[in-house]
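For reference, model-v4.pdb (PDB, C-alpha atoms, pLDDT in the B column):
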ATOM      1  CA  MET A   2      -5.346  39.135  11.631  1.00 43.00           C
ATOM      2  CA  GLU A   3      -6.030  37.663   8.202  1.00 45.00           C
ATOM      3  CA  HIS A   4      -3.295  35.752   6.405  1.00 46.00           C
ATOM      4  CA  SER A   5      -3.391  35.155   2.678  1.00 45.00           C
ATOM      5  CA  LEU A   6      -2.501  31.802   1.123  1.00 43.00           C
ATOM      6  CA  ALA A   7       0.434  33.445  -0.641  1.00 44.00           C
ATOM      7  CA  SER A   8       1.912  34.696   2.635  1.00 43.00           C
ATOM      8  CA  MET A   9       1.592  31.274   4.261  1.00 40.00           C
ATOM      9  CA  LEU A  10       3.196  29.516   1.309  1.00 41.00           C
ATOM     10  CA  ALA A  11       6.043  32.015   1.351  1.00 43.00           C
ATOM     11  CA  ARG A  12       6.636  31.310   5.015  1.00 41.00           C
ATOM     12  CA  TYR A  13       6.515  27.523   4.621  1.00 36.00           C
ATOM     13  CA  SER A  14       8.726  27.525   1.519  1.00 42.00           C
ATOM     14  CA  GLU A  15      11.668  28.432   3.722  1.00 43.00           C
ATOM     15  CA  MET A  16      11.354  25.065   5.507  1.00 41.00           C
ATOM     16  CA  LYS A  17      12.943  22.886   2.833  1.00 43.00           C
ATOM     17  CA  PRO A  18      13.120  19.135   3.639  1.00 43.00           C
ATOM     18  CA  LYS A  19      16.621  17.773   3.461  1.00 40.00           C
ATOM     19  CA  ASN A  20      17.395  14.888   1.129  1.00 43.00           C
ATOM     20  CA  TYR A  21      18.349  11.820   3.140  1.00 37.00           C
ATOM     21  CA  SER A  22      19.452   8.429   1.878  1.00 41.00           C
ATOM     22  CA  SER A  23      17.732   5.222   2.918  1.00 42.00           C
ATOM     23  CA  ILE A  24      19.968   4.786   5.965  1.00 39.00           C
ATOM     24  CA  GLN A  25      19.789   8.293   7.393  1.00 36.00           C
ATOM     25  CA  THR A  26      17.207   9.744   9.740  1.00 35.00           C
ATOM     26  CA  ILE A  27      16.419  13.262  10.786  1.00 33.00           C
ATOM     27  CA  GLN A  28      17.458  13.713  14.390  1.00 37.00           C
ATOM     28  CA  ASP A  29      15.928  17.125  15.039  1.00 36.00           C
ATOM     29  CA  THR A  30      12.366  16.987  13.770  1.00 35.00           C
ATOM     30  CA  ASN A  31      11.246  19.846  16.003  1.00 35.00           C
ATOM     31  CA  SER A  32      12.541  22.326  13.472  1.00 31.00           C
ATOM     32  CA  TYR A  33       9.913  21.021  11.045  1.00 31.00           C
ATOM     33  CA  VAL A  34       6.967  21.291  13.437  1.00 33.00           C
ATOM     34  CA  LEU A  35       4.921  24.454  13.899  1.00 30.00           C
ATOM     35  CA  GLU A  36       3.192  24.950  17.217  1.00 34.00           C
ATOM     36  CA  SER A  37       0.199  27.224  17.466  1.00 33.00           C
ATOM     37  CA  THR A  38       0.739  30.464  19.329  1.00 37.00           C
ATOM     38  CA  GLY A  39      -1.198  33.681  19.517  1.00 42.00           C
ATOM     39  CA  ASP A  40       0.702  35.362  16.698  1.00 43.00           C
ATOM     40  CA  ARG A  41       0.329  32.524  14.166  1.00 41.00           C
ATOM     41  CA  PRO A  42      -2.696  31.696  12.025  1.00 39.00           C
ATOM     42  CA  GLN A  43      -4.878  28.859  13.258  1.00 41.00           C
ATOM     43  CA  GLU A  44      -6.474  27.729  10.012  1.00 40.00           C
ATOM     44  CA  ASP A  45      -3.276  26.214   8.599  1.00 41.00           C
ATOM     45  CA  LEU A  46      -2.495  24.028  11.613  1.00 38.00           C
ATOM     46  CA  LEU A  47      -3.843  20.565  12.410  1.00 41.00           C
ATOM     47  CA  ALA A  48      -5.379  20.180  15.870  1.00 42.00           C
ATOM     48  CA  LEU A  49      -4.176  17.213  17.900  1.00 43.00           C
ATOM     49  CA  THR A  50      -5.952  16.525  21.188  1.00 47.00           C
ATOM     50  CA  GLY A  51      -4.157  14.700  23.987  1.00 51.00           C
ATOM     51  CA  PRO A  52      -5.358  13.513  27.407  1.00 48.00           C
ATOM     52  CA  GLU A  53      -3.565  16.284  29.301  1.00 46.00           C
ATOM     53  CA  THR A  54      -2.810  19.032  26.830  1.00 42.00           C
ATOM     54  CA  GLN A  55      -4.332  20.349  23.640  1.00 44.00           C
ATOM     55  CA  THR A  56      -1.839  21.648  21.123  1.00 42.00           C
ATOM     56  CA  GLN A  57      -1.975  22.326  17.443  1.00 45.00           C
ATOM     57  CA  LYS A  58       0.831  20.897  15.385  1.00 51.00           C
ATOM     58  CA  ARG A  59       1.567  19.827  11.868  1.00 54.00           C
ATOM     59  CA  LEU A  60       4.545  18.049  10.344  1.00 54.00           C
ATOM     60  CA  PHE A  61       5.741  19.827   7.206  1.00 61.00           C
ATOM     61  CA  ALA A  62       8.643  17.553   6.207  1.00 65.00           C
ATOM     62  CA  PRO A  63       9.276  13.795   6.180  1.00 68.00           C
ATOM     63  CA  ASN A  64      11.161  12.214   9.066  1.00 74.00           C
ATOM     64  CA  VAL A  65      12.873   9.821   6.657  1.00 78.00           C
ATOM     65  CA  LEU A  66      13.242   9.615   2.885  1.00 81.00           C
ATOM     66  CA  LEU A  67      13.765   6.054   1.642  1.00 87.00           C
ATOM     67  CA  SER A  68      15.630   6.073  -1.649  1.00 87.00           C
ATOM     68  CA  GLY A  69      16.429   3.142  -3.909  1.00 89.00           C
ATOM     69  CA  HIS A  70      13.614   2.690  -6.414  1.00 93.00           C
ATOM     70  CA  GLN A  71      14.538   3.595  -9.976  1.00 92.00           C
ATOM     71  CA  SER A  72      11.074   4.730 -11.029  1.00 94.00           C
ATOM     72  CA  GLU A  73       7.598   5.558  -9.728  1.00 95.00           C
ATOM     73  CA  VAL A  74       6.539   3.831  -6.508  1.00 95.00           C
ATOM     74  CA  TYR A  75       2.946   2.654  -6.789  1.00 96.00           C
ATOM     75  CA  CYS A  76       2.386   0.940  -3.448  1.00 97.00           C
ATOM     76  CA  ALA A  77       3.803   0.558   0.071  1.00 96.00           C
ATOM     77  CA  LYS A  78       2.556  -1.310   3.146  1.00 97.00           C
ATOM     78  CA  PHE A  79       3.582  -1.786   6.761  1.00 96.00           C
ATOM     79  CA  SER A  80       4.047  -5.345   7.998  1.00 97.00           C
ATOM     80  CA  PRO A  81       1.470  -6.499  10.579  1.00 96.00           C
ATOM     81  CA  ASP A  82       3.963  -6.031  13.433  1.00 95.00           C
ATOM     82  CA  GLY A  83       4.911  -2.570  12.180  1.00 94.00           C
ATOM     83  CA  LYS A  84       8.625  -3.362  11.993  1.00 94.00           C
ATOM     84  CA  GLN A  85       8.973  -3.454   8.208  1.00 95.00           C
ATOM     85  CA  VAL A  86       7.761  -1.623   5.115  1.00 96.00           C
ATOM     86  CA  ALA A  87       7.442  -3.189   1.671  1.00 97.00           C
ATOM     87  CA  SER A  88       7.333  -0.946  -1.410  1.00 97.00           C
ATOM     88  CA  ALA A  89       7.023  -1.621  -5.132  1.00 97.00           C
ATOM     89  CA  GLY A  90       6.260   0.084  -8.410  1.00 96.00           C
ATOM     90  CA  PHE A  91       7.173   0.692 -12.016  1.00 96.00           C
ATOM     91  CA  ASP A  92      10.741  -0.638 -11.683  1.00 95.00           C
ATOM     92  CA  LYS A  93       9.281  -4.170 -11.113  1.00 95.00           C
ATOM     93  CA  MET A  94      11.143  -4.603  -7.824  1.00 96.00           C
ATOM     94  CA  ILE A  95      10.049  -5.084  -4.207  1.00 97.00           C
ATOM     95  CA  PHE A  96      12.046  -3.230  -1.570  1.00 97.00           C
ATOM     96  CA  LEU A  97      11.954  -4.242   2.101  1.00 97.00           C
ATOM     97  CA  TRP A  98      12.845  -1.594   4.677  1.00 95.00           C
ATOM     98  CA  ASP A  99      13.494  -1.609   8.404  1.00 92.00           C
ATOM     99  CA  VAL A 100      11.219   0.838  10.173  1.00 90.00           C
ATOM    100  CA  TYR A 101      13.449   1.463  13.180  1.00 85.00           C
ATOM    101  CA  ASN A 102      17.100   2.340  13.750  1.00 82.00           C
ATOM    102  CA  GLU A 103      18.788   3.295  10.460  1.00 82.00           C
ATOM    103  CA  CYS A 104      15.794   2.393   8.247  1.00 85.00           C
ATOM    104  CA  LYS A 105      17.966   0.263   5.987  1.00 89.00           C
ATOM    105  CA  ASN A 106      16.860  -1.420   2.797  1.00 93.00           C
ATOM    106  CA  THR A 107      17.191  -5.019   3.996  1.00 93.00           C
ATOM    107  CA  ALA A 108      16.259  -6.875   0.805  1.00 95.00           C
ATOM    108  CA  THR A 109      15.247  -6.441  -2.828  1.00 95.00           C
ATOM    109  CA  LEU A 110      13.015  -9.025  -4.523  1.00 96.00           C
ATOM    110  CA  LYS A 111      12.761  -9.469  -8.277  1.00 96.00           C
ATOM    111  CA  GLY A 112      10.467 -11.622 -10.349  1.00 95.00           C
ATOM    112  CA  HIS A 113       7.824  -9.574 -12.123  1.00 97.00           C
ATOM    113  CA  LYS A 114       8.248  -8.578 -15.771  1.00 96.00           C
ATOM    114  CA  ASN A 115       6.181  -5.400 -15.591  1.00 97.00           C
ATOM    115  CA  ALA A 116       5.120  -2.795 -13.061  1.00 97.00           C
ATOM    116  CA  ILE A 117       3.881  -3.963  -9.658  1.00 97.00           C
ATOM    117  CA  THR A 118       0.490  -2.415  -8.990  1.00 97.00           C
ATOM    118  CA  GLU A 119      -0.252  -3.519  -5.424  1.00 98.00           C
ATOM    119  CA  ILE A 120       1.475  -5.240  -2.525  1.00 98.00           C
ATOM    120  CA  ASN A 121       0.061  -6.780   0.651  1.00 98.00           C
ATOM    121  CA  TYR A 122       1.352  -8.751   3.631  1.00 98.00           C
ATOM    122  CA  SER A 123      -0.257 -11.938   4.851  1.00 97.00           C
ATOM    123  CA  THR A 124      -1.855 -11.639   8.279  1.00 95.00           C
ATOM    124  CA  ASP A 125       1.041 -13.426   9.992  1.00 95.00           C
ATOM    125  CA  GLY A 126       3.600 -11.292   8.147  1.00 96.00           C
ATOM    126  CA  THR A 127       5.473 -14.235   6.633  1.00 96.00           C
ATOM    127  CA  LYS A 128       4.371 -13.691   3.032  1.00 97.00           C
ATOM    128  CA  LEU A 129       3.844 -10.935   0.497  1.00 98.00           C
ATOM    129  CA  TYR A 130       1.319 -10.923  -2.306  1.00 98.00           C
ATOM    130  CA  THR A 131       1.743  -8.762  -5.398  1.00 98.00           C
ATOM    131  CA  SER A 132      -0.273  -7.927  -8.495  1.00 98.00           C
ATOM    132  CA  SER A 133       1.388  -6.785 -11.675  1.00 98.00           C
ATOM    133  CA  ALA A 134       0.883  -5.390 -15.145  1.00 97.00           C
ATOM    134  CA  ASP A 135       2.593  -8.566 -16.391  1.00 97.00           C
ATOM    135  CA  LYS A 136      -0.844 -10.249 -15.913  1.00 97.00           C
ATOM    136  CA  THR A 137       0.289 -12.325 -12.916  1.00 98.00           C
ATOM    137  CA  VAL A 138      -0.100 -12.466  -9.146  1.00 98.00           C
ATOM    138  CA  GLY A 139       2.926 -13.371  -7.030  1.00 97.00           C
ATOM    139  CA  ALA A 140       3.314 -14.923  -3.584  1.00 97.00           C
ATOM    140  CA  TRP A 141       6.619 -14.342  -1.782  1.00 98.00           C
ATOM    141  CA  ASP A 142       8.212 -16.044   1.221  1.00 97.00           C
ATOM    142  CA  LEU A 143       9.778 -13.368   3.429  1.00 97.00           C
ATOM    143  CA  GLU A 144      12.003 -15.817   5.312  1.00 95.00           C
ATOM    144  CA  ALA A 145      13.487 -17.385   2.183  1.00 96.00           C
ATOM    145  CA  LEU A 146      13.222 -14.041   0.317  1.00 96.00           C
ATOM    146  CA  LYS A 147      11.970 -15.638  -2.883  1.00 95.00           C
ATOM    147  CA  LYS A 148       8.821 -16.051  -4.953  1.00 97.00           C
ATOM    148  CA  ILE A 149       6.998 -19.247  -4.018  1.00 97.00           C
ATOM    149  CA  LYS A 150       4.022 -19.007  -6.377  1.00 96.00           C
ATOM    150  CA  LYS A 151       3.205 -17.350  -9.681  1.00 97.00           C
ATOM    151  CA  PHE A 152      -0.493 -17.296 -10.545  1.00 97.00           C
ATOM    152  CA  THR A 153      -1.307 -17.003 -14.239  1.00 97.00           C
ATOM    153  CA  GLY A 154      -4.764 -16.824 -15.747  1.00 96.00           C
ATOM    154  CA  HIS A 155      -5.585 -13.163 -16.192  1.00 98.00           C
ATOM    155  CA  THR A 156      -5.432 -11.932 -19.775  1.00 97.00           C
ATOM    156  CA  SER A 157      -4.658  -8.286 -19.001  1.00 97.00           C
ATOM    157  CA  PHE A 158      -3.063  -6.059 -16.360  1.00 97.00           C
ATOM    158  CA  VAL A 159      -3.736  -7.115 -12.760  1.00 98.00           C
ATOM    159  CA  ASN A 160      -4.584  -3.955 -10.838  1.00 98.00           C
ATOM    160  CA  SER A 161      -5.178  -5.209  -7.324  1.00 98.00           C
ATOM    161  CA  CYS A 162      -4.734  -8.143  -4.956  1.00 98.00           C
ATOM    162  CA  ALA A 163      -5.638  -8.895  -1.350  1.00 98.00           C
ATOM    163  CA  PRO A 164      -5.052 -11.966   0.838  1.00 97.00           C
ATOM    164  CA  ALA A 165      -7.577 -13.493   3.214  1.00 96.00           C
ATOM    165  CA  ARG A 166      -7.260 -12.207   6.762  1.00 93.00           C
ATOM    166  CA  ARG A 167      -7.780 -15.631   8.315  1.00 89.00           C
ATOM    167  CA  GLY A 168      -8.074 -19.287   7.364  1.00 87.00           C
ATOM    168  CA  LEU A 169      -6.595 -20.644   4.145  1.00 88.00           C
ATOM    169  CA  ASP A 170      -3.738 -19.060   2.191  1.00 93.00           C
ATOM    170  CA  ILE A 171      -5.915 -17.573  -0.514  1.00 96.00           C
ATOM    171  CA  VAL A 172      -5.667 -14.296  -2.396  1.00 97.00           C
ATOM    172  CA  VAL A 173      -8.098 -12.433  -4.642  1.00 98.00           C
ATOM    173  CA  SER A 174      -7.024 -10.400  -7.658  1.00 98.00           C
ATOM    174  CA  GLY A 175      -8.744  -7.925  -9.976  1.00 98.00           C
ATOM    175  CA  SER A 176      -7.774  -7.212 -13.564  1.00 98.00           C
ATOM    176  CA  ASP A 177      -8.391  -5.158 -16.668  1.00 98.00           C
ATOM    177  CA  ASP A 178      -9.775  -8.360 -18.190  1.00 97.00           C
ATOM    178  CA  ALA A 179     -12.980  -7.620 -16.199  1.00 97.00           C
ATOM    179  CA  THR A 180     -12.596 -10.583 -13.843  1.00 97.00           C
ATOM    180  CA  ALA A 181     -11.744 -11.106 -10.199  1.00 97.00           C
ATOM    181  CA  LYS A 182     -10.049 -14.404  -9.436  1.00 97.00           C
ATOM    182  CA  VAL A 183      -9.453 -16.250  -6.169  1.00 96.00           C
ATOM    183  CA  TRP A 184      -6.228 -18.228  -5.875  1.00 97.00           C
ATOM    184  CA  ASP A 185      -5.165 -20.926  -3.406  1.00 96.00           C
ATOM    185  CA  LEU A 186      -1.456 -21.448  -2.721  1.00 94.00           C
ATOM    186  CA  ARG A 187      -2.068 -25.208  -2.822  1.00 93.00           C
ATOM    187  CA  THR A 188      -3.373 -25.183  -6.400  1.00 93.00           C
ATOM    188  CA  LYS A 189      -2.206 -23.900  -9.760  1.00 89.00           C
ATOM    189  CA  GLU A 190      -5.445 -22.679 -11.312  1.00 93.00           C
ATOM    190  CA  ALA A 191      -7.853 -20.088  -9.920  1.00 96.00           C
ATOM    191  CA  VAL A 192     -10.431 -21.659  -7.604  1.00 94.00           C
ATOM    192  CA  HIS A 193     -13.041 -18.990  -8.414  1.00 93.00           C
ATOM    193  CA  SER A 194     -13.449 -16.543 -11.293  1.00 95.00           C
ATOM    194  CA  LEU A 195     -15.997 -13.739 -11.124  1.00 95.00           C
ATOM    195  CA  ASP A 196     -17.236 -11.998 -14.262  1.00 95.00           C
ATOM    196  CA  CYS A 197     -17.384  -8.298 -13.364  1.00 95.00           C
ATOM    197  CA  LYS A 198     -18.281  -6.986 -16.857  1.00 94.00           C
ATOM    198  CA  TYR A 199     -15.905  -4.028 -16.549  1.00 97.00           C
ATOM    199  CA  GLN A 200     -12.254  -3.561 -15.610  1.00 97.00           C
ATOM    200  CA  VAL A 201     -11.642  -4.253 -11.900  1.00 98.00           C
ATOM    201  CA  THR A 202      -9.574  -1.650 -10.068  1.00 97.00           C
ATOM    202  CA  ALA A 203      -9.734  -2.900  -6.451  1.00 98.00           C
ATOM    203  CA  VAL A 204     -10.529  -6.137  -4.604  1.00 98.00           C
ATOM    204  CA  LEU A 205     -10.896  -7.219  -0.980  1.00 96.00           C
ATOM    205  CA  PHE A 206     -12.099 -10.165   1.114  1.00 95.00           C
ATOM    206  CA  ASN A 207     -14.529  -9.679   3.949  1.00 94.00           C
ATOM    207  CA  ASP A 208     -13.221 -10.607   7.403  1.00 92.00           C
ATOM    208  CA  THR A 209     -14.168 -14.302   7.140  1.00 91.00           C
ATOM    209  CA  ALA A 210     -13.083 -14.616   3.477  1.00 92.00           C
ATOM    210  CA  GLU A 211     -16.547 -15.881   2.553  1.00 90.00           C
ATOM    211  CA  LYS A 212     -17.252 -12.937   0.294  1.00 93.00           C
ATOM    212  CA  VAL A 213     -15.296 -10.767  -2.135  1.00 95.00           C
ATOM    213  CA  LEU A 214     -15.690  -7.041  -2.718  1.00 96.00           C
ATOM    214  CA  THR A 215     -14.791  -5.632  -6.128  1.00 97.00           C
ATOM    215  CA  ALA A 216     -14.649  -2.097  -7.470  1.00 97.00           C
ATOM    216  CA  GLY A 217     -14.333  -1.092 -11.099  1.00 97.00           C
ATOM    217  CA  ILE A 218     -14.617   1.556 -13.757  1.00 97.00           C
ATOM    218  CA  ASP A 219     -18.399   1.098 -13.804  1.00 95.00           C
ATOM    219  CA  ASN A 220     -18.534   3.278 -10.668  1.00 95.00           C
ATOM    220  CA  GLN A 221     -19.858   0.382  -8.598  1.00 95.00           C
ATOM    221  CA  ILE A 222     -18.723  -1.704  -5.628  1.00 95.00           C
ATOM    222  CA  LYS A 223     -19.993  -5.280  -5.741  1.00 95.00           C
ATOM    223  CA  ILE A 224     -20.155  -7.932  -3.007  1.00 94.00           C
ATOM    224  CA  TRP A 225     -19.856 -11.526  -4.225  1.00 94.00           C
ATOM    225  CA  ASP A 226     -20.695 -14.822  -2.586  1.00 88.00           C
ATOM    226  CA  PHE A 227     -18.561 -17.739  -3.786  1.00 73.00           C
ATOM    227  CA  GLY A 228     -21.478 -20.160  -3.892  1.00 62.00           C
ATOM    228  CA  ILE A 229     -23.670 -17.938  -6.084  1.00 55.00           C
ATOM    229  CA  ARG A 230     -21.025 -16.095  -8.143  1.00 55.00           C
ATOM    230  CA  ILE A 231     -23.340 -13.186  -8.814  1.00 55.00           C
ATOM    231  CA  PRO A 232     -23.144  -9.905  -6.915  1.00 62.00           C
ATOM    232  CA  LEU A 233     -25.332  -9.905  -3.774  1.00 57.00           C
ATOM    233  CA  LEU A 234     -25.197  -6.139  -3.523  1.00 56.00           C
ATOM    234  CA  VAL A 235     -24.278  -3.432  -6.007  1.00 55.00           C
TER     235      VAL A 235
END
Take the structure in this file and express it as structure tokens.
Amino acid sequence: MEHSLASMLARYSEMKPKNYSSIQTIQDTNSYVLESTGDRPQEDLLALTGPETQTQKRLFAPNVLLSGHQSEVYCAKFSPDGKQVASAGFDKMIFLWDVYNECKNTATLKGHKNAITEINYSTDGTKLYTSSADKTVGAWDLEALKKIKKFTGHTSFVNSCAPARRGLDIVVSGSDDATAKVWDLRTKEAVHSLDCKYQVTAVLFNDTAEKVLTAGIDNQIKIWDFGIRIPLLV
């Protein structure tokens, strides 16, 4: 039997997600899951394969809605141990949330003067790194719940940041000023600055933090070596 998109949307529109606060969870999620049977269309269901059974299911509503931000949320990340979520956005605030139990908002961090564009945990989960439209990069201590470093040097919005996965406490940032900069928590100034020619929209270290990857509005991804400071691969 063929099913039109309109008929499927009409059927799913009856399954309205409830609005929950940051400390409420949905107990009965089964009512939001469709299981494939012979009298239901197959093309609108996501196949999940298990070791013993093969069923087709799809979740059509959130398990939890975390509310608290006053404006658009631009970024959210799980902590390395999976027990916490950090979120941030246009309201210039960082929200920390418990993942389990009542999913409470455990802390709110303030310190940026403009929208926060990206947020990342350190590998050990003890720090947060943020980039912001206030032209700065922030480092935050999650035990003391305060900003421990403010990196200044970019001349325009900072769009992205990423810490090293191992080794030194360093972080790379990318900005609308067409540079990517590498910062060390032990120093005040950037230890490396890479001229990318065009606005940088995303940055990342390789696994050993010996190279930096940058992406920008020039439709290119570049790999940089610190010793050469020119892209090895475009």
Review point. Between atom CA of Gln85 of chain A and atom CA of Ala134 of chain A, what is the distance, to one decimal in Å?
Key: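 Atom CA of Gln85 of chain A sits 24.8 Å away from atom CA of Ala134 of chain A.
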Exercise for review: Compile the contact shell of Val100 of chain A as a ChimeraX atom specification: residues with an atom at most 12 Å away, counting all atoms listed in the file, same-chain residues fewer than 3 positions apart removed.
Suggested key: /A:23-26,64-67,78-80,82-87,97,103-107
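As for atom CA of Asn160 of chain A and atom CA of Ser176 of chain A, they are spaced 5.3 Å apart.
Between atom CA of Leu195 of chain A and atom CA of Arg167 of chain A there is a distance of 21.2 Å.
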Check your understanding: Written as a ChimeraX atom specification, what is the full residue list that the PyMOL selection byres ((chain A and resi 96) around 10) yields on the file shown?
Key -> /A:67-70,77,86-90,93-95,97-98,106-111
Please, could you write that set of residues out with C-alpha atoms as a JSON list (two decimals), in the coordinates of the input?
[["chain", "number", "residue", "atom", "x", "y", "z"],
["A", 67, "LEU", "CA", 13.76, 6.05, 1.64],
["A", 68, "SER", "CA", 15.63, 6.07, -1.65],
["A", 69, "GLY", "CA", 16.43, 3.14, -3.91],
["A", 70, "HIS", "CA", 13.61, 2.69, -6.41],
["A", 77, "ALA", "CA", 3.80, 0.56, 0.07],
["A", 86, "VAL", "CA", 7.76, -1.62, 5.12],
["A", 87, "ALA", "CA", 7.44, -3.19, 1.67],
["A", 88, "SER", "CA", 7.33, -0.95, -1.41],
["A", 89, "ALA", "CA", 7.02, -1.62, -5.13],
["A", 90, "GLY", "CA", 6.26, 0.08, -8.41],
["A", 93, "LYS", "CA", 9.28, -4.17, -11.11],
["A", 94, "MET", "CA", 11.14, -4.60, -7.82],
["A", 95, "ILE", "CA", 10.05, -5.08, -4.21],
["A", 97, "LEU", "CA", 11.95, -4.24, 2.10],
["A", 98, "TRP", "CA", 12.84, -1.59, 4.68],
["A", 106, "ASN", "CA", 16.86, -1.42, 2.80],
["A", 107, "THR", "CA", 17.19, -5.02, 4.00],
["A", 108, "ALA", "CA", 16.26, -6.88, 0.80],
["A", 109, "THR", "CA", 15.25, -6.44, -2.83],
["A", 110, "LEU", "CA", 13.02, -9.02, -4.52],
["A", 111, "LYS", "CA", 12.76, -9.47, -8.28]]
Point to revise | the PyMOL selection byres ((chain A and resi 170) around 6) resolved against shown file, as a list in words | key: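 That selection, the PyMOL selection byres ((chain A and resi 170) around 6), comes back as Leu169, Ile171 and Leu186 of chain A.
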Practice item. Using all atoms listed in the file, find the one residue out of A:Glu144, A:His193, A:Thr131, A:Ser174 that sits nearest to Ala216 of chain A. Key: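 Closest residue, counting all atoms listed in the file: A:Ser174.
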**Study point:** Residues within 9 Å of Leu214 of chain A, all atoms listed in the file, excluding chain neighbours under 2 positions, as number ranges by chain
**Key:** A: 203-207, 212, 216, 222-225
Is it possible to get the axis-aligned box enclosing segment 213-226 of chain A (all listed atoms, 5 Å extra per side) as lines of an AutoDock Vina configuration file, with centre and edge lengths in Å rounded to one decimal?
center_x = -17.5
center_y = -5.8
center_z = -8.0
size_x = 16.4
size_y = 28.1
size_z = 21.7
Check your understanding: Can you list, as a PyMOL selection string, the residues that the PyMOL selection byres ((chain A and resi 136-140) around 7) selects here?
Key -> chain A and resi 128-135+141-142+148-153+155-159
Exercise for review: Find the residues near Thr180 of chain A: any atom within 9 Å, counting all atoms listed in the file, skip ones fewer than 6 places away on the same chain, and give them as a PyMOL selection string.
Suggested key: chain A and resi 155+174+194-201
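Considering the residues A:Glu73, A:Trp184, A:Asp208, A:Ile120 and counting all atoms listed in the file, Gly154 of chain A has its shortest atom-to-atom contact with A:Trp184.
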Check your understanding: Which one of A:Ala210, A:Tyr122, A:Ser161, A:Phe227 sits closest to Val192 of chain A if you count all atoms listed in the file?
Key ->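 Residue with the minimum atom-to-atom distance to Val192 of chain A: A:Phe227.
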Review point. Which is closer to Glu211 of chain A than all the others in A:Leu143, A:Val183, A:Cys76, A:Ile117, using only C-alpha atoms?
Key: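 Nearest to Glu211 of chain A: A:Val183.
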